[in-house]
Amino acid sequence: VLAVTLDPVKGQSSAYASEAANNPQLSDNFDSGRVAEPSIAIDPSGLSQADHLFQDATSSFLATLSSSIYSKKTNNSPLPLKDSLALAEFIDLLRWAFPPETKVHTVAEDLKQEFSSITSTEEGLFKVLSRHMDLSEGVTWSNSCIRGDSDEDPYSCGIWSFLHTISVGVAERHKSVVGNIERVSVQHAGQSIRTFIDSFYIGCDSCKRSWLELYDEACSSALPNQVTGIEEQWKQLSIWIWEVHNEINIRRQRNKNPSTLLWPSREECSNCWPSQNGATDNSMDSFDQEALFSHLKKTY
């Protein structure tokens, strides 16, 4: 998975690093580096699956913002122009792809309104973030990412929810406007995600390199660059992120039967696994992409 090490919120101890050190499954996912201060407290019960997914996506997004935007800066100088442009494009993408009622959308709107402030100083960024998170406590992930439902560390689990939700939003809202660009293309959305990961991804260099290499090999020229087109084209980014997520899970657990690791399982989405296409059961080629996208849309 996109396994990472998180940076500390200023002045805080590393509760998550301690958790990883005491949990071999977590520590195996981490490289050395800076460590953040997210809370590992279990959320109250009663939340729906959608609530969990949006909470986890939000938590990992906030952890990235609070830990990474100024992590390479040694003084209180503004962000370099390259990083500012990357952040601006990505904020616009989030405002477009996430539903208005979600916290990610609200955070993105606030970041957009305060963009001059957040790119001028780290204090300006933290002032905005303090409206959406407790900087002294960090972020909290749902039960789904903390225990039981996921083999990934909480941050990585939330990042995948974040990426899946963006990609489904791209497919569903492709007729809307992103920032000053007249209409977003799938390629533009994919490139915005790639640039954000390249610029602000938290964690091990090998994890980031793998994601970027997979994108460059499969998507940089393959994703449609038209702002109009057949409906299936708008789903390609979502399908690709699903493929990468499954592929990395399989690589992490080579001692297991791949067919037992593929998501969604036959039980979760029987229509996603048609037998008439002639593909083997343990191949992602076995999946019916139309049924798969419907499942992704329902989930994210």
# chains A, B, ... in the order shown; residues from 1 in each chain; ligands from 1
>>> residues_around(residues="Ser265 of chain A", least_positions_apart="6", cutoff="12 Å", atoms="only C-alpha atoms", output="number ranges by chain")
A: 246, 258-259, 271-273, 281-282, 284, 286-287, 292, 295
>>> write_last_selection(atoms="all heavy atoms", output="tab-separated table (two decimals), in the first residue's frame")
chain	number	residue	atom	x	y	z
A	246	ASN	N	-5.15	-2.98	-5.75
A	246	ASN	CA	-5.11	-4.44	-5.68
A	246	ASN	C	-3.71	-4.97	-5.96
A	246	ASN	O	-3.24	-5.90	-5.28
A	246	ASN	CB	-6.10	-5.04	-6.69
A	246	ASN	CG	-7.49	-5.22	-6.11
A	246	ASN	OD1	-7.67	-5.76	-5.03
A	246	ASN	ND2	-8.49	-4.74	-6.83
A	258	PRO	N	-3.56	-14.86	-4.69
A	258	PRO	CA	-4.04	-13.54	-5.13
A	258	PRO	C	-5.56	-13.43	-5.20
A	258	PRO	O	-6.12	-12.37	-4.95
A	258	PRO	CB	-3.42	-13.40	-6.53
A	258	PRO	CG	-2.21	-14.27	-6.49
A	258	PRO	CD	-2.58	-15.43	-5.61
A	259	SER	N	-6.23	-14.53	-5.55
A	259	SER	CA	-7.68	-14.46	-5.69
A	259	SER	C	-8.37	-14.18	-4.36
A	259	SER	O	-9.51	-13.70	-4.34
A	259	SER	CB	-8.23	-15.75	-6.30
A	259	SER	OG	-7.99	-16.85	-5.44
A	271	ASN	N	-21.41	-9.68	-9.41
A	271	ASN	CA	-21.45	-9.25	-10.80
A	271	ASN	C	-20.10	-8.74	-11.30
A	271	ASN	O	-19.90	-8.61	-12.52
A	271	ASN	CB	-22.49	-8.15	-10.98
A	271	ASN	CG	-23.90	-8.65	-10.83
A	271	ASN	OD1	-24.18	-9.83	-11.04
A	271	ASN	ND2	-24.81	-7.77	-10.44
A	272	CYS	N	-19.22	-8.43	-10.39
A	272	CYS	CA	-17.89	-7.96	-10.80
A	272	CYS	C	-17.01	-9.09	-11.31
A	272	CYS	O	-15.99	-8.84	-11.95
A	272	CYS	CB	-17.18	-7.28	-9.62
A	272	CYS	SG	-17.96	-5.74	-9.07
A	273	TRP	N	-17.40	-10.33	-11.03
A	273	TRP	CA	-16.57	-11.49	-11.37
A	273	TRP	C	-17.28	-12.38	-12.40
A	273	TRP	O	-17.57	-13.53	-12.13
A	273	TRP	CB	-16.31	-12.34	-10.13
A	273	TRP	CG	-15.45	-11.71	-9.08
A	273	TRP	CD1	-15.76	-10.70	-8.24
A	273	TRP	CD2	-14.12	-12.11	-8.76
A	273	TRP	NE1	-14.71	-10.42	-7.40
A	273	TRP	CE2	-13.69	-11.28	-7.69
A	273	TRP	CE3	-13.24	-13.10	-9.25
A	273	TRP	CZ2	-12.43	-11.40	-7.13
A	273	TRP	CZ3	-11.99	-13.22	-8.67
A	273	TRP	CH2	-11.59	-12.37	-7.63
A	281	ASP	N	-9.62	-16.80	-12.53
A	281	ASP	CA	-10.28	-16.28	-11.34
A	281	ASP	C	-9.39	-15.33	-10.54
A	281	ASP	O	-9.89	-14.47	-9.83
A	281	ASP	CB	-10.74	-17.43	-10.45
A	281	ASP	CG	-11.97	-18.11	-11.01
A	281	ASP	OD1	-12.60	-17.55	-11.92
A	281	ASP	OD2	-12.28	-19.21	-10.54
A	282	ASN	N	-8.06	-15.52	-10.60
A	282	ASN	CA	-7.19	-14.69	-9.78
A	282	ASN	C	-6.60	-13.52	-10.57
A	282	ASN	O	-5.58	-12.96	-10.19
A	282	ASN	CB	-6.05	-15.53	-9.17
A	282	ASN	CG	-5.16	-16.14	-10.25
A	282	ASN	OD1	-5.44	-16.03	-11.44
A	282	ASN	ND2	-4.06	-16.76	-9.82
A	284	MET	N	-7.20	-9.66	-12.37
A	284	MET	CA	-8.09	-8.50	-12.40
A	284	MET	C	-8.80	-8.39	-13.74
A	284	MET	O	-9.80	-7.69	-13.86
A	284	MET	CB	-7.31	-7.23	-12.07
A	284	MET	CG	-7.06	-7.06	-10.58
A	284	MET	SD	-6.18	-5.54	-10.16
A	284	MET	CE	-4.49	-6.03	-10.49
A	286	SER	N	-10.49	-10.59	-14.86
A	286	SER	CA	-11.76	-11.29	-14.66
A	286	SER	C	-12.91	-10.32	-14.36
A	286	SER	O	-14.07	-10.68	-14.53
A	286	SER	CB	-11.65	-12.28	-13.49
A	286	SER	OG	-10.65	-13.24	-13.73
A	287	PHE	N	-12.58	-9.14	-13.93
A	287	PHE	CA	-13.62	-8.23	-13.46
A	287	PHE	C	-14.33	-7.54	-14.62
A	287	PHE	O	-13.71	-7.11	-15.59
A	287	PHE	CB	-13.02	-7.16	-12.54
A	287	PHE	CG	-12.71	-7.66	-11.16
A	287	PHE	CD1	-11.64	-8.50	-10.93
A	287	PHE	CD2	-13.51	-7.28	-10.08
A	287	PHE	CE1	-11.36	-8.96	-9.66
A	287	PHE	CE2	-13.24	-7.74	-8.81
A	287	PHE	CZ	-12.16	-8.58	-8.59
A	292	LEU	N	-17.90	-3.26	-11.91
A	292	LEU	CA	-16.91	-2.79	-10.95
A	292	LEU	C	-17.08	-1.32	-10.66
A	292	LEU	O	-17.07	-0.90	-9.49
A	292	LEU	CB	-15.50	-3.07	-11.48
A	292	LEU	CG	-14.35	-2.48	-10.65
A	292	LEU	CD1	-14.34	-3.09	-9.26
A	292	LEU	CD2	-13.03	-2.70	-11.37
A	295	HIS	N	-19.86	-0.67	-8.41
A	295	HIS	CA	-19.54	-1.00	-7.03
A	295	HIS	C	-18.66	0.10	-6.40
A	295	HIS	O	-18.89	0.48	-5.23
A	295	HIS	CB	-18.81	-2.35	-6.96
A	295	HIS	CG	-18.58	-2.83	-5.57
A	295	HIS	ND1	-19.56	-3.45	-4.82
A	295	HIS	CD2	-17.48	-2.79	-4.77
A	295	HIS	CE1	-19.08	-3.76	-3.63
A	295	HIS	NE2	-17.82	-3.37	-3.58
>>> residues_around(residues="Asp56 of chain A", least_positions_apart="5", cutoff="7 Å", atoms="only C-alpha atoms", output="list in words")
Trp141, Ser142, Gly158 and Ser161 of chain A
>>> closest_residue(among="A:Leu129, A:Val139, A:Ile248, A:Ile166", to="Ala97 of chain A", atoms="only C-alpha atoms")
A:Ile166
>>> closest_residue(among="A:Ser59, A:Ala50, A:Phe126, A:Asn257", to="Ser156 of chain A", atoms="only C-alpha atoms")
A:Ser59
>>> atom_distance(atom1="atom CA of Val168 of chain A", atom2="atom CA of Ile197 of chain A")
18.1 Å
>>> atom_distance(atom1="atom CA of Ser294 of chain A", atom2="atom CA of Val244 of chain A")
18.1 Å
